[in-house]
Structures are given as structure tokens and as C-alpha cells.
$ cat my_file08.cif   # mmCIF, C-alpha atoms
data_my_file
#
loop_
_atom_site.label_atom_id
_atom_site.label_comp_id
_atom_site.auth_asym_id
_atom_site.auth_seq_id
_atom_site.Cartn_x
_atom_site.Cartn_y
_atom_site.Cartn_z
CA MET Z 753 -16.39 15.42 -21.42
CA ILE Z 754 -15.20 16.50 -17.98
CA ASP Z 755 -13.51 19.52 -19.59
CA GLY Z 756 -16.84 20.44 -21.19
CA GLU Z 757 -18.57 20.50 -17.82
CA LEU Z 758 -15.79 22.64 -16.38
CA ASN Z 759 -16.11 25.10 -19.22
CA SER Z 760 -19.88 25.28 -18.65
CA VAL Z 761 -19.35 26.10 -15.00
CA MET Z 762 -16.72 28.70 -15.85
CA LYS Z 763 -19.16 30.37 -18.22
CA GLY Z 764 -21.89 30.41 -15.60
CA ARG Z 765 -23.97 27.63 -17.19
CA GLY Z 766 -24.40 25.65 -14.00
CA ALA Z 767 -27.71 24.06 -14.95
CA GLU Z 768 -26.27 22.70 -18.19
CA ALA Z 769 -23.24 21.32 -16.36
CA GLU Z 770 -25.50 19.64 -13.80
CA ALA Z 771 -27.46 17.95 -16.57
CA GLU Z 772 -24.28 16.66 -18.18
CA PHE Z 773 -22.94 15.39 -14.88
CA GLU Z 774 -26.20 13.58 -14.18
CA LYS Z 775 -25.85 11.75 -17.51
CA LEU Z 776 -22.19 10.94 -16.85
CA LEU Z 777 -22.14 10.13 -13.12
CA GLY Z 778 -25.73 9.60 -12.05
CA GLY Z 779 -27.78 11.76 -9.75
CA LEU Z 780 -25.98 10.77 -6.54
CA HIS Z 781 -22.73 12.52 -7.43
CA VAL Z 782 -23.98 15.68 -9.15
CA LYS Z 783 -23.90 18.01 -6.13
CA HIS Z 784 -20.51 16.77 -4.96
CA SER Z 785 -19.00 17.09 -8.46
CA MET Z 786 -20.40 20.58 -8.96
CA ALA Z 787 -18.95 21.66 -5.62
CA GLU Z 788 -15.57 20.22 -6.59
CA LEU Z 789 -15.57 21.99 -9.95
CA SER Z 790 -16.66 25.25 -8.38
CA LYS Z 791 -13.86 25.08 -5.82
CA SER Z 792 -11.32 24.15 -8.48
CA ASP Z 793 -12.51 27.12 -10.55
CA ARG Z 794 -11.91 29.44 -7.59
CA GLY Z 795 -8.53 27.88 -6.95
CA ASP Z 796 -9.64 26.97 -3.43
CA GLU Z 797 -7.31 23.98 -3.18
CA ALA Z 798 -7.07 23.97 0.60
CA GLU Z 799 -10.83 23.55 0.93
CA VAL Z 800 -10.85 20.71 -1.61
CA VAL Z 801 -8.14 18.88 0.30
CA LYS Z 802 -10.01 19.36 3.57
CA LEU Z 803 -13.26 18.10 2.01
CA LEU Z 804 -11.62 14.97 0.61
CA LEU Z 805 -9.91 14.18 3.89
CA LEU Z 806 -12.97 14.67 6.09
CA THR Z 807 -16.02 13.57 4.10
CA SER Z 808 -14.98 10.34 2.39
CA PRO Z 809 -15.70 7.22 4.49
CA PHE Z 810 -12.43 5.62 3.42
CA ALA Z 811 -10.46 8.70 2.38
CA VAL Z 812 -7.76 8.00 -0.16
CA VAL Z 813 -5.07 9.56 2.02
CA PHE Z 814 -5.97 7.24 4.88
CA ILE Z 815 -5.91 4.24 2.51
CA GLY Z 816 -2.48 5.24 1.24
CA SER Z 817 -1.04 5.86 4.68
CA ALA Z 818 -2.45 2.58 5.98
CA LEU Z 819 -0.95 0.65 3.07
CA PHE Z 820 2.50 2.06 3.72
CA ALA Z 821 2.13 1.53 7.47
CA LEU Z 822 1.14 -2.12 7.02
CA GLN Z 823 3.93 -2.58 4.49
CA GLN Z 824 6.49 -1.55 7.11
CA LEU Z 825 4.80 -3.27 10.06
CA SER Z 826 5.05 -6.54 8.13
CA GLY Z 827 8.75 -6.40 9.05
CA ILE Z 828 10.17 -6.29 5.53
CA ASN Z 829 12.86 -3.72 6.19
CA ALA Z 830 13.91 -5.51 9.35
CA VAL Z 831 14.54 -8.49 7.06
CA PHE Z 832 16.46 -6.35 4.56
CA TYR Z 833 18.53 -4.59 7.22
CA PHE Z 834 19.37 -7.62 9.34
CA SER Z 835 19.07 -10.63 7.01
CA SER Z 836 22.85 -11.07 6.94
CA THR Z 837 22.89 -11.15 10.76
CA VAL Z 838 20.11 -13.73 10.89
CA PHE Z 839 21.79 -15.86 8.21
CA LYS Z 840 25.14 -15.57 9.98
CA ASN Z 841 23.58 -16.84 13.20
CA ALA Z 842 22.38 -19.82 11.19
CA GLY Z 843 25.90 -20.47 9.93
CA VAL Z 844 25.38 -19.03 6.43
CA PRO Z 845 28.06 -16.57 5.18
CA SER Z 846 26.70 -13.01 5.03
CA ASP Z 847 27.85 -12.45 1.43
CA PHE Z 848 25.97 -15.51 0.23
CA ALA Z 849 22.94 -14.45 2.27
CA ASN Z 850 22.89 -11.01 0.65
CA ILE Z 851 23.09 -12.59 -2.80
CA CYS Z 852 20.16 -14.90 -2.05
CA VAL Z 853 18.01 -12.05 -0.71
CA GLY Z 854 18.91 -9.89 -3.73
CA ILE Z 855 17.99 -12.66 -6.19
CA ALA Z 856 14.65 -13.25 -4.44
CA ASN Z 857 13.88 -9.53 -4.48
CA LEU Z 858 14.85 -9.09 -8.14
CA SER Z 859 12.93 -12.18 -9.24
CA GLY Z 860 9.76 -11.03 -7.53
CA SER Z 861 10.07 -7.54 -8.98
CA ILE Z 862 10.41 -8.90 -12.53
CA ILE Z 863 7.38 -11.16 -12.07
CA ALA Z 864 5.38 -8.24 -10.64
CA THR Z 865 6.25 -6.10 -13.65
CA ILE Z 866 4.89 -8.80 -15.97
CA LEU Z 867 1.72 -9.45 -13.96
CA MET Z 868 0.84 -5.90 -12.89
CA ASP Z 869 -1.43 -5.16 -15.84
CA LYS Z 870 -2.60 -8.75 -16.29
CA LEU Z 871 -3.79 -9.70 -12.81
CA GLY Z 872 -4.26 -6.20 -11.43
CA ARG Z 873 -2.86 -4.24 -8.50
CA ARG Z 874 -5.39 -5.47 -5.92
CA VAL Z 875 -4.80 -9.16 -6.72
CA LEU Z 876 -1.03 -8.74 -6.41
CA LEU Z 877 -1.42 -6.95 -3.07
CA LEU Z 878 -3.68 -9.66 -1.68
CA GLY Z 879 -1.44 -12.49 -2.89
CA SER Z 880 1.68 -10.73 -1.69
CA PHE Z 881 0.53 -10.04 1.87
CA LEU Z 882 -0.98 -13.53 2.13
CA GLY Z 883 2.30 -15.07 0.97
CA MET Z 884 4.21 -12.98 3.49
CA ALA Z 885 1.90 -14.23 6.24
CA VAL Z 886 2.64 -17.81 5.21
CA ALA Z 887 6.38 -17.06 5.16
CA THR Z 888 6.29 -15.65 8.69
CA GLY Z 889 4.31 -18.74 9.69
CA LEU Z 890 7.23 -20.88 8.53
CA GLN Z 891 9.61 -18.83 10.64
CA VAL Z 892 7.30 -19.14 13.64
CA ILE Z 893 7.25 -22.93 13.25
CA ALA Z 894 11.04 -22.90 12.96
CA ALA Z 895 11.21 -21.09 16.31
CA THR Z 896 9.22 -23.81 18.10
CA SER Z 897 10.30 -27.23 19.32
CA LEU Z 898 8.09 -28.98 16.76
CA VAL Z 899 10.93 -29.51 14.30
CA SER Z 900 14.53 -30.65 14.53
CA SER Z 901 17.40 -28.17 14.55
CA SER Z 902 18.24 -28.85 10.91
CA GLY Z 903 14.56 -28.59 9.94
CA ALA Z 904 14.26 -25.32 11.85
CA LEU Z 905 17.26 -23.96 9.94
CA TYR Z 906 15.75 -24.76 6.54
CA LEU Z 907 12.33 -23.43 7.54
CA SER Z 908 13.80 -20.19 8.89
CA LEU Z 909 15.99 -19.46 5.88
CA GLY Z 910 13.36 -20.63 3.39
CA GLY Z 911 10.72 -18.55 5.13
CA MET Z 912 12.89 -15.46 4.99
CA LEU Z 913 13.57 -15.86 1.26
CA MET Z 914 9.88 -16.57 0.60
CA PHE Z 915 9.03 -13.44 2.59
CA VAL Z 916 11.28 -11.27 0.40
CA LEU Z 917 10.03 -12.90 -2.81
CA THR Z 918 6.34 -12.48 -2.01
CA PHE Z 919 6.92 -8.91 -0.77
CA SER Z 920 8.49 -7.92 -4.07
CA LEU Z 921 5.54 -9.42 -5.96
CA GLY Z 922 3.08 -6.85 -4.65
CA ALA Z 923 3.46 -5.24 -1.23
CA GLY Z 924 6.71 -3.60 -2.34
CA PRO Z 925 6.00 -2.09 -5.78
CA VAL Z 926 2.20 -1.80 -5.85
CA PRO Z 927 1.41 0.82 -3.15
CA THR Z 928 3.42 3.61 -4.80
CA LEU Z 929 1.89 2.90 -8.21
CA LEU Z 930 -1.61 2.51 -6.79
CA LEU Z 931 -1.50 5.76 -4.84
CA SER Z 932 -0.37 7.75 -7.86
CA GLU Z 933 -3.51 6.46 -9.59
CA ILE Z 934 -6.11 6.97 -6.83
CA PHE Z 935 -4.98 10.41 -5.63
CA PRO Z 936 -6.71 13.27 -7.48
CA SER Z 937 -4.14 15.46 -9.25
CA ARG Z 938 -4.96 18.52 -7.16
CA ILE Z 939 -3.93 16.81 -3.89
CA ARG Z 940 -1.45 14.23 -5.23
CA ALA Z 941 1.71 16.00 -4.05
CA LYS Z 942 0.39 16.66 -0.53
CA ALA Z 943 -1.13 13.20 -0.21
CA MET Z 944 2.03 11.42 -1.35
CA ALA Z 945 4.05 13.52 1.10
CA VAL Z 946 1.82 12.39 3.98
CA CYS Z 947 2.03 8.74 2.95
CA MET Z 948 5.79 8.78 2.48
CA ALA Z 949 6.20 10.44 5.88
CA VAL Z 950 4.21 7.58 7.44
CA HIS Z 951 6.37 5.10 5.50
CA TRP Z 952 9.71 6.45 6.68
CA VAL Z 953 8.69 7.09 10.30
CA ILE Z 954 7.52 3.50 10.76
CA ASN Z 955 10.51 2.22 8.79
CA PHE Z 956 12.80 4.08 11.21
CA PHE Z 957 11.20 2.64 14.34
CA VAL Z 958 11.02 -0.93 12.98
CA GLY Z 959 14.71 -0.80 12.08
CA LEU Z 960 15.58 0.79 15.41
CA PHE Z 961 13.83 -1.75 17.64
CA PHE Z 962 13.97 -4.98 15.60
CA LEU Z 963 17.11 -6.52 17.09
CA ARG Z 964 16.16 -5.39 20.59
CA LEU Z 965 12.70 -6.94 20.29
CA LEU Z 966 14.18 -10.08 18.75
CA LYS Z 967 16.35 -10.55 21.83
CA GLN Z 968 13.65 -9.66 24.35
CA LEU Z 969 10.61 -11.35 22.77
CA GLY Z 970 12.31 -14.05 20.74
CA PRO Z 971 11.61 -14.96 17.11
CA LEU Z 972 8.41 -16.86 17.95
CA ILE Z 973 6.53 -13.83 19.27
CA LEU Z 974 8.14 -11.26 16.98
CA TYR Z 975 7.43 -13.14 13.75
CA THR Z 976 3.91 -13.87 15.00
CA ILE Z 977 3.40 -10.10 15.30
CA PHE Z 978 4.73 -9.56 11.77
CA GLY Z 979 2.45 -12.30 10.46
CA PHE Z 980 -0.52 -10.73 12.24
CA PHE Z 981 0.09 -7.40 10.47
CA CYS Z 982 0.34 -9.23 7.12
CA LEU Z 983 -3.10 -10.77 7.73
CA VAL Z 984 -4.47 -7.38 8.77
CA ALA Z 985 -3.13 -6.03 5.47
CA VAL Z 986 -4.97 -8.77 3.54
CA ILE Z 987 -8.25 -7.83 5.23
CA PHE Z 988 -7.64 -4.10 4.75
CA VAL Z 989 -6.85 -4.45 1.04
CA LYS Z 990 -9.86 -6.70 0.44
CA LYS Z 991 -12.24 -4.22 2.09
CA ASN Z 992 -10.82 -0.83 1.14
CA VAL Z 993 -8.63 -0.98 -1.97
CA MET Z 994 -10.26 -0.76 -5.38
CA GLU Z 995 -8.85 -2.30 -8.55
CA THR Z 996 -7.43 0.33 -10.91
CA LYS Z 997 -6.28 -1.96 -13.73
CA GLY Z 998 -7.63 -0.76 -17.08
CA LYS Z 999 -9.28 2.36 -15.61
CA SER Z 1000 -8.52 5.95 -16.57
CA LEU Z 1001 -7.62 8.45 -13.84
CA GLN Z 1002 -11.02 10.13 -14.33
CA GLU Z 1003 -12.87 6.82 -13.89
CA ILE Z 1004 -10.91 6.09 -10.69
CA GLU Z 1005 -11.63 9.53 -9.25
CA ILE Z 1006 -15.35 9.20 -10.02
CA ALA Z 1007 -15.46 5.74 -8.40
CA LEU Z 1008 -13.97 7.20 -5.22
CA LEU Z 1009 -16.49 10.05 -4.96
CA PRO Z 1010 -18.43 9.79 -1.69
CA PRO Z 1011 -22.20 9.26 -2.12
CA GLU Z 1012 -24.50 12.10 -1.21
#

$ encode --input "my_file08.cif" --output "C-alpha cells"
Amino acid sequence: MIDGELNSVMKGRGAEAEAEFEKLLGGLHVKHSMAELSKSDRGDEAEVVKLLLLTSPFAVVFIGSALFALQQLSGINAVFYFSSTVFKNAGVPSDFANICVGIANLSGSIIATILMDKLGRRVLLLGSFLGMAVATGLQVIAATSLVSSSGALYLSLGGMLMFVLTFSLGAGPVPTLLLSEIFPSRIRAKAMAVCMAVHWVINFFVGLFFLRLLKQLGPLILYTIFGFFCLVAVIFVKKNVMETKGKSLQEIEIALLPPE
């Protein structure tokens, strides 16, 4: 049906296309949709990108960039990069530590693959970030004097493995899939480039400063910061991320159209 409206516009039958859009989308989105089709017809891609970035209250590019930023600010790659060091300090051989982290990551990824189209992307994101917050909470408790040294060891190592497992359930695989679904095809390449740039820049700085901050701030404060960003991610996803399970790309794009 969308192709029919485009053909009507291309043939100069704007009034007919408007009538069809009103039936399909409702009156609120007719003017916006006609403007989008007209710009697409003229090949004015730069203007379309500018419109999407500036007029939408929660623009899809901002949502994507924020998801990747929160993913990295949760501290996941600090865990991946330096887990063997942390385990070694706890007296666990680095080879065994790497195997445990790998098994947790693989297990979560397999479970996520099974549940992705059953529970939905948004549910997995919420559960994943919430689980990561709980995992960092365990590591914060382990860094206090509330538990014995042996208890702190188990809480710290268990919290780290739980962190990796819950990350791989949603916060790891879902953002890339979700963004490929919510970005309109005409801006998908540019939008993904922006989001991936945000991802790798923050990844770089987290990896660069993690050990230094761990020494200066201590695990109590540092893991509290990571847990805070996980909770921020839960709130952000709940307020701004739509569920795309079972929806076509056209339905998703229509749902993200800003109201007039």
C-alpha cells in the first residue's frame, strides 16, 4: 500500500495519496508522510536526515546512540578486558577465569537467541540491564566490610559471572538488532555509523581508564557507578524504546513518526 501512495505522488496525484494515507495512518501523520514521500521522490536525502534528527522528540539516532553509550558505561568491556586480572587478584588462575567468562557469555547468547522473538527485544533489554545492576550490587557488597573475606571472594566472582551472563541476554545482542529495525532505510547507514562511533569511543575510554579508576576510587565506588548506569539504562529503555517484536519495518517506521 505504501508503494501505491508513492506512485500516486510521483504521478502528481497528491490529493489521492493524502486520502490513502489518512485511511492508513490517521489524520495526524498525513502531512508529515506526504513531506517524507515528496522529499524521497526528489532524492533529497540530506533534508530527510536533518528532519528526522531535529523534529522527533526522541529521535531514533539519539535512542540508538544512548543505548550503545549506556551499554559501554555499564562497564561490560572493562570486565571482558580485565576479568583475568581481577580473578588473578582473587587467586583464580587466569585461564580458568577466561573459560568461566566465555561459558557465561556463550550461555547467555544462546538463551537470548531462543527468547528474542518470544519475549521481545524490549523485555530482554530491561531484564538484562536490571540483572547487570543486581550483579554490580553484589560486587559492591563484596567490596564492603559487611561480609567475610571468603564471602567477599564468592560474591565478587559470582557477581562478575552474573554480570557477563545477564549482559549477553540482552544488552549485548539486542541494540544492534533493534537499531537495524527502527532506523528508516534511507538513513540506516548514516545512523548506524553514528551509533557505532559512539560505541567505540566510549569503549576506548572505559578500557583506558578502568584500571586507573579501580586503583584510585576502589571497587566500591567504581562498581557503584557502573550499577548506576545500568539503572539509568533500565529507565531509558522503559521510557524511550518501543517493542519491535512481530512488527514489519513499515509498521515500526509509522509508529515512530512524530505527531503533527

$ closest_residue --input "my_file08.cif" --among "Z:Thr888, Z:Ser880, Z:Asn829, Z:Thr996" --to "Phe957 (chain Z)" --atoms "only C-alpha atoms"
Z:Asn829

$ resolve_selection --input "my_file08.cif" --expression "the PyMOL selection byres ((chain Z and resi 881) around 10)" --output "number ranges by chain"
Z: 822-823, 826, 876-880, 882-887, 915, 918-919, 921-924, 979, 981-987, 989

$ closest_residue --input "my_file08.cif" --among "Z:Leu965, Z:Met994, Z:Ile939, Z:Leu909" --to "Lys840 (chain Z)" --atoms "only C-alpha atoms"
Z:Leu909

$ resolve_selection --input "my_file08.cif" --expression "the PyMOL selection byres ((chain Z and resi 857-863) around 7)" --output "list in words"
Val853, Gly854, Ile855, Ala856, Ala864, Thr865, Ile866, Leu867, Val916, Leu917, Thr918, Ser920 and Leu921 of chain Z

$ resolve_selection --input "my_file08.cif" --expression "the PyMOL selection byres ((chain Z and resi 890) around 9)" --output "list in words"
Ala885, Val886, Ala887, Thr888, Gly889, Gln891, Val892, Ile893, Ala894, Ala895, Ala904, Leu907, Ser908, Gly910, Gly911 and Met912 of chain Z

$ closest_residue --input "my_file08.cif" --among "Z:Phe956, Z:Phe820, Z:Tyr906, Z:Phe988" --to "Gly843 (chain Z)" --atoms "only C-alpha atoms"
Z:Tyr906

$ atom_distance --input "my_file08.cif" --atom1 "CA of Met914 (chain Z)" --atom2 "CA of Ser897 (chain Z)"
21.5 Å

$ closest_residue --input "my_file08.cif" --among "Z:Gly872, Z:Gly816, Z:Gly903, Z:Pro845" --to "Gly998 (chain Z)" --atoms "only C-alpha atoms"
Z:Gly872

$ closest_residue --input "my_file08.cif" --among "Z:Ala943, Z:Leu913, Z:Val950, Z:Val812" --to "Val831 (chain Z)" --atoms "all atoms listed in the file"
Z:Leu913

$ closest_residue --input "my_file08.cif" --among "Z:Val946, Z:Leu871, Z:Leu974, Z:Leu819" --to "Val958 (chain Z)" --atoms "only C-alpha atoms"
Z:Leu974

$ atom_distance --input "my_file08.cif" --atom1 "CA of Thr928 (chain Z)" --atom2 "CA of Gly959 (chain Z)"
20.8 Å
